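Peer 1: File name target.cif; file contents mmCIF, C-alpha atoms; full text below.
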```
data_start
loop_
_atom_site.label_atom_id
_atom_site.label_comp_id
_atom_site.auth_asym_id
_atom_site.auth_seq_id
_atom_site.Cartn_x
_atom_site.Cartn_y
_atom_site.Cartn_z
CA MET A 1 108.47 84.62 113.62
CA SER A 2 106.33 87.08 115.52
CA GLU A 3 107.55 87.43 119.11
CA THR A 4 104.39 89.26 120.17
CA LEU A 5 102.28 86.41 118.78
CA ALA A 6 104.35 83.82 120.62
CA ARG A 7 104.06 85.85 123.82
CA LYS A 8 100.27 85.75 123.64
CA HIS A 9 100.03 82.21 122.32
CA PRO A 10 103.09 80.18 123.33
CA GLY A 11 104.10 77.80 120.60
CA ALA A 12 102.32 79.72 117.84
CA VAL A 13 104.40 80.33 114.72
CA SER A 14 103.79 82.68 111.83
CA GLN A 15 103.36 81.57 108.22
CA VAL A 16 106.26 83.75 107.11
CA ALA A 17 109.39 84.46 109.13
CA PRO A 18 111.01 87.68 107.86
CA ARG A 19 114.26 88.94 109.27
CA ALA A 20 113.30 92.59 108.92
CA ILE A 21 111.14 95.20 107.30
CA LEU A 22 113.92 96.67 105.22
CA ARG A 23 112.43 98.90 102.57
CA GLY A 24 109.52 101.18 101.82
CA THR A 25 108.81 102.79 98.48
CA MET A 26 107.40 106.03 97.12
CA VAL A 27 107.30 107.81 93.78
CA ALA A 28 108.54 111.13 92.42
CA THR A 29 108.24 112.83 89.06
CA ASP A 30 111.66 114.51 89.21
CA LEU A 31 114.33 112.48 90.97
CA ALA A 32 116.85 115.32 90.94
CA ALA A 33 114.43 117.69 92.68
CA THR A 34 113.45 115.05 95.22
CA ARG A 35 117.08 114.24 95.85
CA ARG A 36 117.84 117.89 96.56
CA MET A 37 115.05 117.97 99.12
CA LEU A 38 116.15 114.73 100.78
CA GLU A 39 119.83 115.66 100.98
CA GLU A 40 119.98 119.44 101.29
CA LEU A 41 116.85 120.01 103.36
CA MET A 42 116.29 116.76 105.25
CA GLY A 43 119.89 115.67 105.74
CA LEU A 44 119.42 112.14 104.39
CA GLU A 45 121.91 110.09 102.36
CA THR A 46 120.93 109.00 98.87
CA VAL A 47 122.39 106.96 96.05
CA LEU A 48 121.15 106.49 92.49
CA ARG A 49 120.57 102.73 92.27
CA ALA A 50 119.28 102.87 88.70
CA PRO A 51 118.48 105.79 86.39
CA ASP A 52 114.89 105.70 87.64
CA ARG A 53 115.49 104.66 91.28
CA LEU A 54 116.97 106.42 94.26
CA LEU A 55 117.80 104.73 97.58
CA VAL A 56 117.59 106.78 100.78
CA ARG A 57 118.80 106.16 104.34
CA GLU A 58 119.65 108.27 107.36
CA ARG A 59 123.26 109.35 107.71
CA GLY A 60 125.58 107.40 109.97
CA HIS A 61 125.92 104.11 108.11
CA ARG A 62 129.17 104.54 106.23
CA ALA A 63 132.18 102.52 107.32
CA GLY A 64 133.45 103.84 110.63
CA GLU A 65 130.32 105.85 111.40
CA ALA A 66 128.20 105.12 114.47
CA LYS A 67 125.05 103.38 113.31
CA HIS A 68 121.77 104.80 114.55
CA ALA A 69 119.82 101.76 113.47
CA ASP A 70 120.95 98.22 112.87
CA PRO A 71 119.56 97.05 110.58
CA TYR A 72 118.79 100.41 109.06
CA TRP A 73 115.80 101.03 106.92
CA VAL A 74 115.83 102.11 103.27
CA LEU A 75 113.37 104.21 101.34
CA GLU A 76 113.32 103.69 97.59
CA VAL A 77 112.07 106.48 95.34
CA ARG A 78 110.96 105.44 91.87
CA ARG A 79 110.63 108.01 89.10
CA VAL A 80 107.24 108.10 87.40
CA ASP A 81 105.68 110.37 84.79
CA GLU A 82 102.59 110.90 86.93
CA VAL A 83 101.70 110.10 90.54
CA ALA A 84 99.04 107.42 90.15
CA VAL A 85 97.87 107.45 93.77
CA PRO A 86 98.37 110.80 95.50
CA GLN A 87 99.36 110.26 99.12
CA GLU A 88 97.61 111.68 102.17
CA MET A 89 98.66 112.49 105.71
CA LEU A 90 97.90 108.97 106.92
CA ASN A 91 100.41 107.65 104.39
CA HIS A 92 103.47 109.52 105.61
CA TRP A 93 107.13 108.86 106.34
CA GLY A 94 108.45 109.73 109.78
CA VAL A 95 111.75 111.36 110.65
CA GLU A 96 112.96 111.55 114.25
CA LEU A 97 114.63 114.66 115.61
CA THR A 98 116.47 114.92 118.90
CA SER A 99 114.51 117.61 120.75
CA GLN A 100 111.37 119.70 120.71
CA ALA A 101 113.51 122.72 119.87
CA GLU A 102 114.86 120.83 116.85
CA VAL A 103 111.31 120.28 115.63
CA ASP A 104 110.58 123.99 115.96
CA ARG A 105 113.77 124.82 114.13
CA ALA A 106 113.03 122.28 111.38
CA TYR A 107 109.56 123.77 110.97
CA GLU A 108 110.97 127.27 110.57
CA THR A 109 113.51 125.91 108.07
CA CYS A 110 110.90 124.08 105.98
CA ALA A 111 108.59 127.08 105.99
CA ALA A 112 111.43 129.42 104.98
CA HIS A 113 112.65 127.15 102.18
CA ALA A 114 109.29 125.85 100.95
CA GLU A 115 109.57 127.54 97.59
CA ARG A 116 113.18 126.46 97.00
CA PHE A 117 112.30 122.81 97.60
CA GLU A 118 108.81 123.03 96.04
CA LEU A 119 107.10 121.97 99.26
CA GLY A 120 103.33 122.07 99.53
CA ARG A 121 101.66 122.67 102.86
CA VAL A 122 103.92 122.98 105.92
CA GLN A 123 101.83 122.53 109.07
CA LYS A 124 102.75 124.06 112.41
CA PRO A 125 104.16 121.75 115.12
CA ARG A 126 101.87 120.43 117.82
CA PHE A 127 101.61 117.64 120.36
CA ARG A 128 99.72 114.62 119.06
CA ASN A 129 99.80 110.86 119.66
CA ASN A 130 102.78 110.80 122.03
CA SER A 131 104.93 113.12 119.94
CA TYR A 132 105.68 116.75 119.16
CA ALA A 133 105.71 117.02 115.40
CA PHE A 134 104.84 118.82 112.23
CA TYR A 135 103.95 117.57 108.77
CA PHE A 136 104.77 118.83 105.33
CA VAL A 137 103.95 117.57 101.86
CA ASP A 138 106.51 117.46 99.06
CA ARG A 139 106.16 118.29 95.37
CA ASP A 140 104.78 114.80 94.58
CA SER A 141 102.21 114.53 97.41
CA ASN A 142 104.45 112.51 99.71
CA TRP A 143 103.78 113.47 103.32
CA TRP A 144 106.59 113.74 105.87
CA GLU A 145 106.40 113.97 109.64
CA MET A 146 109.27 115.43 111.64
CA GLU A 147 108.82 114.44 115.25
CA TYR A 148 110.39 114.37 118.66
CA ARG A 149 109.41 111.82 121.32
CA GLU A 150 110.39 111.82 124.95
CA PRO A 151 112.68 108.83 125.67
CA ASP A 152 109.90 106.84 127.34
CA LEU A 153 107.64 107.39 124.33
CA VAL A 154 109.97 106.44 121.49
CA TYR A 155 108.76 103.45 119.48
CA THR A 156 111.26 101.03 120.99
CA ALA A 157 110.22 102.02 124.53
CA LEU A 158 106.55 101.51 123.68
CA ARG A 159 107.36 98.06 122.30
CA ALA A 160 108.80 96.99 125.63
CA ARG A 161 105.59 98.01 127.38
CA GLY A 162 103.36 95.92 125.14
CA ASP A 163 99.68 96.57 124.49
CA ALA A 164 98.08 99.55 126.18
CA VAL A 165 94.74 98.77 124.53
CA GLU A 166 93.20 95.30 124.28
CA ASP A 167 91.56 94.19 121.04
CA MET B 168 126.33 111.15 96.44
CA MET B 169 125.83 113.35 99.47
CA ALA B 170 125.31 117.07 99.45
CA SER B 171 128.63 118.89 99.70
CA THR B 172 127.25 121.48 102.09
CA ALA B 173 125.71 120.86 105.50
CA PRO B 174 122.02 120.00 105.30
CA LEU B 175 119.48 122.42 106.69
CA ILE B 176 118.05 119.76 109.02
CA SER B 177 119.97 116.92 110.71
CA PRO B 178 117.59 114.13 111.65
CA HIS B 179 118.50 111.34 114.02
CA LEU B 180 116.60 108.56 112.30
CA LEU B 181 114.12 107.58 109.67
CA SER B 182 111.60 106.35 112.22
CA HIS B 183 108.37 105.14 110.68
CA GLY B 184 105.95 104.72 107.82
CA THR B 185 102.18 104.55 108.00
CA ILE B 186 99.33 102.50 106.60
CA GLU B 187 95.57 102.57 107.02
CA CYS B 188 93.40 99.72 108.23
CA GLU B 189 89.68 99.21 108.66
CA ASN B 190 89.71 96.37 111.18
CA ILE B 191 92.43 96.58 113.83
CA ALA B 192 92.00 93.03 115.19
CA GLY B 193 91.68 91.38 111.77
CA THR B 194 94.67 93.30 110.50
CA ARG B 195 96.72 92.31 113.55
CA ALA B 196 96.00 88.64 112.90
CA PHE B 197 97.37 89.03 109.39
CA LEU B 198 100.42 90.98 110.58
CA GLU B 199 101.36 88.55 113.34
CA GLU B 200 100.11 85.18 112.16
CA PHE B 201 100.88 85.52 108.47
CA LEU B 202 103.58 88.17 108.03
CA GLY B 203 105.36 87.27 111.27
CA LEU B 204 105.68 90.88 112.43
CA ASP B 205 105.69 92.08 116.03
CA VAL B 206 102.72 94.25 116.92
CA ILE B 207 101.59 96.35 119.87
CA ARG B 208 98.55 98.55 120.26
CA PRO B 209 99.48 101.66 122.25
CA LEU B 210 96.46 103.70 121.16
CA PRO B 211 92.80 102.85 120.51
CA GLU B 212 93.11 104.10 116.94
CA ALA B 213 96.52 102.67 116.07
CA GLN B 214 98.82 99.68 116.31
CA TYR B 215 102.56 99.68 115.69
CA MET B 216 104.46 96.89 113.93
CA TRP B 217 108.15 96.18 113.53
CA LYS B 218 110.68 93.47 112.74
CA GLY B 219 114.41 93.44 113.07
CA GLY B 220 115.22 97.07 113.89
CA PRO B 221 114.00 100.32 115.36
CA TRP B 222 111.97 101.23 112.30
CA THR B 223 108.19 101.01 112.77
CA VAL B 224 105.07 100.92 110.64
CA VAL B 225 102.14 102.72 112.23
CA CYS B 226 98.77 101.25 111.26
CA VAL B 227 95.97 103.78 111.76
CA ARG B 228 92.34 102.74 111.87
CA VAL B 229 90.08 104.57 109.43
CA ASP B 230 86.32 104.48 109.17
CA GLY B 231 85.18 103.09 105.84
CA ASP B 232 87.38 101.85 103.05
CA ALA B 233 91.11 102.27 103.29
CA LYS B 234 92.62 103.87 100.23
CA GLU B 235 94.03 101.44 97.67
CA GLN B 236 97.74 102.04 97.27
CA SER B 237 99.82 101.67 94.14
CA PRO B 238 102.36 98.82 93.94
CA ASP B 239 104.90 101.65 93.76
CA ASN B 240 104.00 102.45 97.39
CA HIS B 241 104.80 99.27 99.30
CA PHE B 242 106.70 97.82 102.25
CA GLU B 243 109.27 95.07 101.76
CA LEU B 244 109.99 92.17 104.08
CA ALA B 245 113.43 90.57 103.96
CA LEU B 246 113.50 86.78 103.99
CA ALA B 247 116.68 84.78 104.42
CA THR B 248 116.70 82.91 101.10
CA ALA B 249 115.04 82.67 97.70
CA ALA B 250 113.55 79.35 98.84
CA GLU B 251 111.86 81.15 101.74
CA VAL B 252 110.38 83.63 99.27
CA ASP B 253 108.99 80.73 97.23
CA ALA B 254 107.58 79.16 100.40
CA ALA B 255 105.96 82.46 101.42
CA HIS B 256 104.35 82.68 97.99
CA ALA B 257 102.90 79.21 98.39
CA ARG B 258 101.60 80.04 101.90
CA ALA B 259 99.98 83.22 100.60
CA GLN B 260 98.17 81.29 97.89
CA ALA B 261 97.03 78.62 100.34
CA LEU B 262 95.81 81.13 102.95
CA ALA B 263 94.50 83.95 100.77
CA ASP B 264 90.91 83.42 101.91
CA THR B 265 91.85 83.05 105.59
CA TYR B 266 93.61 86.42 105.64
CA ALA B 267 91.47 88.20 103.02
CA ILE B 268 94.44 88.67 100.71
CA ARG B 269 93.13 90.47 97.64
CA GLU B 270 95.83 89.77 95.07
CA ILE B 271 99.04 87.78 94.81
CA ARG B 272 101.50 88.65 92.06
CA PRO B 273 103.76 85.99 90.47
CA LEU B 274 107.28 85.31 91.66
CA VAL B 275 109.91 87.33 89.79
CA ASP B 276 113.71 87.52 89.61
CA GLU B 277 115.06 91.06 89.37
CA ASP B 278 118.35 92.72 90.41
CA GLY B 279 119.58 89.36 91.69
CA LEU B 280 116.63 89.08 94.09
CA ARG B 281 113.67 86.72 94.19
CA SER B 282 110.41 88.41 95.12
CA PHE B 283 106.65 88.65 94.89
CA MET B 284 104.02 91.10 96.04
CA LEU B 285 100.58 90.80 97.58
CA LEU B 286 97.74 93.22 98.25
CA ASP B 287 96.29 92.79 101.72
CA MET B 288 92.78 93.30 103.11
CA ASN B 289 93.51 97.02 103.62
CA LYS B 290 94.72 97.49 100.03
CA VAL B 291 98.33 97.79 101.19
CA TRP B 292 101.03 96.20 99.04
CA TRP B 293 103.67 94.02 100.70
CA LYS B 294 106.77 92.75 98.92
CA PHE B 295 108.62 89.62 100.02
CA SER B 296 112.20 89.19 98.86
CA ASN B 297 115.59 87.89 99.84
CA VAL B 298 117.01 91.41 100.02
CA SER B 299 119.49 91.99 102.84
CA GLN B 300 121.27 94.78 104.62
CA GLU B 301 124.43 93.78 102.76
CA TYR B 302 122.61 94.40 99.47
CA PHE B 303 121.95 98.00 100.50
CA ASP B 304 125.43 98.44 102.02
CA ALA B 305 126.88 97.48 98.65
CA ALA B 306 124.57 99.80 96.72
CA PHE B 307 125.52 102.80 98.85
CA ALA B 308 129.22 101.87 98.74
CA ARG B 309 129.17 101.66 94.92
CA GLY B 310 127.75 105.13 94.56
CA ASP B 311 125.59 106.44 91.73
CA VAL B 312 125.01 104.50 88.58
CA ALA B 313 125.22 106.51 85.37
CA ALA B 314 122.02 108.55 85.06
#
```
When written as structure tokens, how does the structure in this file appear?
Peer 2:
Amino acid sequence: MSETLARKHPGAVSQVAPRAILRGTMVATDLAATRRMLEELMGLETVLRAPDRLLVRERGHRAGEAKHADPYWVLEVRRVDEVAVPQEMLNHWGVELTSQAEVDRAYETCAAHAERFELGRVQKPRFRNNSYAFYFVDRDSNWWEMEYREPDLVYTALRARGDAVED
Amino acid sequence: MMASTAPLISPHLLSHGTIECENIAGTRAFLEEFLGLDVIRPLPEAQYMWKGGPWTVVCVRVDGDAKEQSPDNHFELALATAAEVDAAHARAQALADTYAIREIRPLVDEDGLRSFMLLDMNKVWWKFSNVSQEYFDAAFARGDVAA
């Protein structure tokens, strides 16, 4: 059930009680090309779950490796002939880096290898909404944000603080 | 299969996804009361939701109609059992008007999982299934299927 709901309204229970948000999905017209971008450029781990479906997670979840996230989250990429609904910046996937310098370095890397990985626009990094980040768009209109947040501004820290704005 | 050479970028974490919403308060009621997600509003124009891990969905307020997404662009909630998926389907049908749910797809069995999808007031697709972390652990451990 929702803990934030119960905090505001003690005793309230939600209609559905999920254990986790575990997966998000996107589409690609060439799984091999998308896989190269995800693995070789972005450093993510992938596995072909079906001929038309790729699963993606951050590294660090193999046996014996230190987990970054538990449970971790999975992105599923489904191969399509055409992208039915092109994505926009407000429909992006976020990737966390460990420092502002890492964001700058990632930006330079993406800009330098844009042609190799068929990237579209690669925007310059800037401070916005509690983070230092840049966006780029991939060959199938999927938007990606690479960001760094100070420790007191990471999502889990903001959760602990609760609402900053009342409805 | 992982790349045999070192990647050009080494991220710490897949951190978030994003959706659009037109009505922050109405959307929050759906997220907390129906979906059972945890929600905070750190910014006037955005609220953050999560459940069960560090991963977050950022919900950004837009003026006018939110863009209708394809079912191929959705977020999936993990329920404990197939029976819970069935119960969630029944609750969605019973409360569709209350939470302005636009469409509810039938229950299906696929890949050993029970699931259904719904389209919310912001034209965002949500999938409910009995998928688990162990399901994904096993998929990654097995490696690639034949292409």
Peer 1: Taking the file as shown, find all residues satisfying the PyMOL selection byres ((chain B and resi 258) around 12) and write them as a PyMOL selection string.
Peer 2: (chain A and resi 14-17) or (chain B and resi 200-202+251-257+259-266+268+271+285)
Peer 1: List every residue of chain B that has an atom at most 7 Å from any atom of chain A, giving for each one its closest atom pair and the distance in Å to one decimal, counting all atoms listed in the file, sorted by chain and then by ascending residue number, as a Markdown table.
Peer 2:
```
| residue | atom | partner | partner_atom | distance |
| --- | --- | --- | --- | --- |
| B:Met168 | CA | A:Val47 | CA | 5.8 |
| B:Met169 | CA | A:Glu45 | CA | 5.9 |
| B:Ala170 | CA | A:Glu39 | CA | 5.9 |
| B:Pro174 | CA | A:Glu40 | CA | 4.5 |
| B:Leu175 | CA | A:Leu41 | CA | 4.9 |
| B:Ile176 | CA | A:Met42 | CA | 5.1 |
| B:Ser177 | CA | A:Gly43 | CA | 5.1 |
| B:Pro178 | CA | A:Leu97 | CA | 5.0 |
| B:His179 | CA | A:Leu97 | CA | 5.3 |
| B:Leu180 | CA | A:Glu96 | CA | 5.1 |
| B:Leu181 | CA | A:Val95 | CA | 4.6 |
| B:Ser182 | CA | A:Gly94 | CA | 5.2 |
| B:His183 | CA | A:Gly94 | CA | 4.7 |
| B:Gly184 | CA | A:Trp93 | CA | 4.6 |
| B:Thr185 | CA | A:Asn91 | CA | 5.1 |
| B:Ile186 | CA | A:Asn91 | CA | 5.7 |
| B:Glu187 | CA | A:Leu90 | CA | 6.8 |
| B:Ala192 | CA | A:Asp167 | CA | 6.0 |
| B:Glu199 | CA | A:Ser2 | CA | 5.6 |
| B:Glu200 | CA | A:Ser14 | CA | 4.5 |
| B:Phe201 | CA | A:Gln15 | CA | 4.7 |
| B:Leu202 | CA | A:Val16 | CA | 5.3 |
| B:Gly203 | CA | A:Ser2 | CA | 4.4 |
| B:Leu204 | CA | A:Ser2 | CA | 4.9 |
| B:Asp205 | CA | A:Ser2 | CA | 5.1 |
| B:Val206 | CA | A:Thr4 | CA | 6.2 |
| B:Ile207 | CA | A:Asp163 | CA | 5.0 |
| B:Arg208 | CA | A:Asp163 | CA | 4.8 |
| B:Pro209 | CA | A:Ala164 | CA | 4.7 |
| B:Leu210 | CA | A:Val165 | CA | 6.2 |
| B:Pro211 | CA | A:Val165 | CA | 6.0 |
| B:Trp217 | CA | A:Ile21 | CA | 7.0 |
| B:Lys218 | CA | A:Ala20 | CA | 4.7 |
| B:Gly219 | CA | A:Ala20 | CA | 4.4 |
| B:Gly220 | CA | A:Pro71 | CA | 5.5 |
| B:Pro221 | CA | A:Ala69 | CA | 6.3 |
| B:Trp222 | CA | A:Trp73 | CA | 6.6 |
| B:Gln236 | CA | A:Val85 | CA | 6.4 |
| B:Ser237 | CA | A:Val85 | CA | 6.1 |
| B:Asp239 | CA | A:Met26 | CA | 6.1 |
| B:Asn240 | CA | A:Thr25 | CA | 4.9 |
| B:His241 | CA | A:Thr25 | CA | 5.4 |
| B:Phe242 | CA | A:Gly24 | CA | 4.4 |
| B:Glu243 | CA | A:Arg23 | CA | 5.0 |
| B:Leu244 | CA | A:Ile21 | CA | 4.6 |
| B:Ala245 | CA | A:Ala20 | CA | 5.4 |
| B:Leu246 | CA | A:Pro18 | CA | 4.7 |
| B:Ala247 | CA | A:Arg19 | CA | 6.8 |
| B:Ala255 | CA | A:Val16 | CA | 5.8 |
| B:Arg258 | CA | A:Gln15 | CA | 6.7 |
| B:Gln300 | CA | A:Pro71 | CA | 6.6 |
| B:Ala306 | CA | A:Arg49 | CA | 6.7 |
| B:Phe307 | CA | A:Val47 | CA | 5.9 |
| B:Gly310 | CA | A:Val47 | CA | 5.9 |
| B:Asp311 | CA | A:Leu48 | CA | 4.5 |
| B:Val312 | CA | A:Leu48 | CA | 5.8 |
| B:Ala313 | CA | A:Pro51 | CA | 6.9 |
| B:Ala314 | CA | A:Pro51 | CA | 4.7 |
```
Peer 1: For atom CA of Met288 of chain B and atom CA of Leu274 of chain B, quote the distance in Å rounded to one decimal.
Peer 2: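 Distance reported for this atom pair: 20.1 Å.
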Peer 1: Which residue out of A:Pro10, A:Gly120, A:Asp81, A:Ser131 has the minimum interatomic distance to Leu153 of chain A when only C-alpha atoms are used?
Peer 2: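 Selected residue with least distance to Leu153 of chain A: A:Ser131.
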Peer 1: Let me have the centre and edge lengths in Å, one decimal, of the box along x, y and z around every listed atom of segment 17-36 of chain A with 4 Å of margin on each side, as AutoDock Vina command-line options.
Peer 2:
```
--center_x 112.6 --center_y 101.2 --center_z 99.2 --size_x 18.5 --size_y 41.4 --size_z 28.2
```
Peer 1: So how many Å separate atom CA of Ala173 of chain B and atom CA of Asn142 of chain A, to one decimal?
Peer 2: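 Computing it gives 23.6 Å between the two atoms.
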Peer 1: How many Å lie between atom CA of Ala213 of chain B and atom CA of Asp104 of chain A, rounded to one decimal?
Peer 2: 25.5 Å
Peer 1: Kindly indicate which residue among B:Arg228, B:Asp278, B:Met216, B:Asn289 lies nearest to Phe303 of chain B, using all atoms listed in the file for the distances.
Peer 2: B:Asp278
Peer 1: Evaluate the PyMOL selection byres ((chain B and resi 269) around 6) here and jot the selected residues down as a PDB file with C-alpha atoms, in the frame of the given file.
Peer 2:
```pdb
ATOM      1  CA  ILE B 268      94.440  88.670 100.710  1.00  0.00           C
ATOM      2  CA  GLU B 270      95.830  89.770  95.070  1.00  0.00           C
ATOM      3  CA  LEU B 286      97.740  93.220  98.250  1.00  0.00           C
ATOM      4  CA  ASP B 287      96.290  92.790 101.720  1.00  0.00           C
TER       5      ASP B 287
END
```
